[in-house]
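Everything on this sheet refers to the single structure shown next.
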Amino acid sequence: MEREAVLVGIDAGTTKVTTLIGEVGRTGDVNVIGYGIAPSAGMKKGMVANIDQTVNSIASSVEKAERLSGYKISSAFVSVGGSHISSQNSRGVVAVSGHKREVSREDVARATEAAKAVQVPSNREMLHVVPRGYIVDGQEGIKDPLGMSAVRLEVETHIVAGAATSVQNLSKCVTTTGVQIDEMVISSLAAAEATLTDTEKELGVLIADIGGGTTDIAIFVDGAVYHTAVLPVGGINVTNDVAIGLRTSLNLAEEIKIKHGNANMAEVEPEELINVAVLGETGGQTIQRRRLCEVIEARMGEIYSLIREEVKRSGHARMLPAGAVLTGGGARLAGADVLARETLDMPVRIGSPQGVGGLMDQIGNPAFSTSIGLLLWGANHIGEEPIGYGGAGNGVNPLSRIGEWIRNLFPG
Ligand SMILES: Nc1ncnc2c1ncn2[C@@H]1O[C@H](COP(=O)(O)OP(=O)(O)OP(=O)(O)O)[C@@H](O)[C@H]1O
Ligand SMILES: [Mg+2]
C-alpha cells in the first residue's frame with residue numbers, strides 16, 4: 001500500500017486508554033499499524049478526576065503504541081466523554097451572495113457561521129458543528145447545495161458542546177504527554193464512524209457506546225446526526241452490583257461477570273451452579289448462576305431504560321427503523337442484545353468496528369469502536385478546520401508528506 005498519511009487516535013476511557021496508529025492510503029483506506037492499551041487511572045465517568053494519574057495512563061498507552069510501530073507520535077485525534085456534553089440543533093440562514101446567485105463554498109461557510117451564533121455560555125466549549133442538511137429557497141433535504149441557483153440558503157446543524165473545564169483538563173493531560181491535539185471528537189460520534197452503515201444512518205438509527213463509566217448515545221436521522229447525549233452509567237455499575245451481591249472484590253466481580261454473566265435470563269439454566277471466589281472464604285463458594293445474572297439483568301435493564309428515556313427526549317422514538325446498535329466493552333456482555341431488544345422495543349445488533357485493516361485480532365471487538373472510529377474520523381475530516389483544538393492531522397513524523405497530501409486532496 002502506498003502510504004499517504006499517518007493518523008493517531010487516543011481514546012482515554014474510564015477503564016482503559018487506547019492509542020492507535022493508522023496509515024491512510026491514497027484511496028482513503030486505513031490500516032492500523034500500532035496500538036497501545038493501558039489501564040486507565042484518574043478518569044471517572046468519562047472525565048479527568050486526577051491529572052497526574054490520567055497523564056501517566058495516556059503516556060503509557062502512547063509509549064506502547066510507539067514501541068510497537070516504531071513511530072514517534074506528535075499529534076492525535078482524541079475522544080471526549082462525560083455527561084457534561086450536551087447538544088442542540090441550530091439553523092443558520094444567509095442570503096446567497098454574488099451576482100450569479102449560485103451557492104458557493106463561502107455561502108455555505110457563512111450559513112454555518114450563522115448557525116454557530118447560538119447562545120453557548122462562556123463556561124461551555126463548542127466541540128462539533130455538524131451540518132445535517134441544507135434548505136435552498138425553502139426546498140428541504142438538500143445534502144450538497146453547491147452550485148444551486150438560489151436567493152436564500154439555510155443550514156441545519158447539530159452543535160455539541162462540553163464544559164470548558166472538563167475539555168481543558170483532558171486536553172491538558174494529552175498535551176502534557178507531548179502529543180498535540182488534531183481534534184477532539186465525542187465518543188459516540190467516533191464510535192458511529194466505526195460501526196454504523198450509511199443505510200442505517202439514512203433510515204434512522206441509535207448508537208449506544210456502553211463503556212465502563214458512561215454510555216454515549218447518538219441518534220442519526222436522514223443520514224446525519226440529530227441528537228447526542230452521555231449517560232453516566234456503564235459496565236462498572238454492573239460490576240459494582242455483582243461485587244455487592246456476591247460480597248466479593250471488584251476485581252473478582254469483574255472476572256465473574258465476564259466469565260459467567262448473562263443479561264438474558266432465558267439463557268440461564270434454572271439450577272446451574274457456579275463456583276466463585278468470595279471475600280474471606282478459601283476455596284470459593286458455590287452459588288446459583290441465576291443469582292449472578294439477575295443482578296446483571298437488573299442493572300443492564302436500567303441502563304437500557306435510561307437510553308429509552310433519552311431517545312424519547314430526542315423526539316425520535318418512533319423514527320428509528322434501523323433500531324439500535326450497541327457497542328463499547330459493555331456490549332460484549334452475553335445476552336446484552338437480547339435484553340436491549342426487549343427493553344428498547346426495537347431491532348438491536350452488536351456493533352463491532354469495521355472499515356479498517358490490520359491488527360484486528362487484537363482490536364477488532366466493540367471495546368475498540370471509539371478508538372478505531374477516531375482514525376476513520378481523522379481520515380474523513382483531515383484538512384478541515386476543526387472547531388476546537390488543533391490544526392490538521394499530523395499524527396506522526398515525518399510531517400512533511402501530510403501537508404502535501406492535504407494539498408493533493410483539496411486542490412486550490
Ligand atoms: N467480555 C466482556 N463481557 C462483559 N463485559 C465486558 C467484556 N469486556 C469488557 N466488558 C466491560 O466493558 C466495560 C469497559 O468498556 P470500554 O472499554 O468500552 O470502556 P471505556 O472506554 O474504558 O470507558 P468509558 O467509555 O465509559 O469512559 C467494563 O465495564 C467491562 O466490564
Ligand atoms: Mg469508551
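Each chain in the C-alpha cells gets a letter, A, B, ..., in the order shown, and its residues are numbered from 1; ligands are numbered from 1 in order too.
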Quiz item: Which residues sit within 7 Å of ligand 1, counting only C-alpha atoms and all ligand atoms, listed as an NGL selection string?
Solution: :A and (12-17 or 45-46 or 81 or 209-215 or 234-236 or 239 or 254 or 257-258 or 328-334 or 367-368)
Quiz prompt | Sel. of strand (DSSP E) residues, segment 47-241 of chain A, as a ChimeraX atom specification | solution = /A:47-48,75-80,86-95,124-136,139-142,152-163,180-186,205-210,215-221,224-231
Self-check item: Residues near segment 225-228 of chain A, cut-off 8 Å, only C-alpha atoms, skip fewer than 6 positions along chain, as a PyMOL selection string
Solution: chain A and resi 86-89+130+132+158+160+188+216-219+314
Self-check item: Selection near Val80 of chain A, 12 Å with only C-alpha atoms, sequence-local residues under 4 positions removed, as a count of residues only
Solution: 47
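The space separating atom CA of Arg341 of chain A from atom CA of Gln288 of chain A comes to 25.5 Å.
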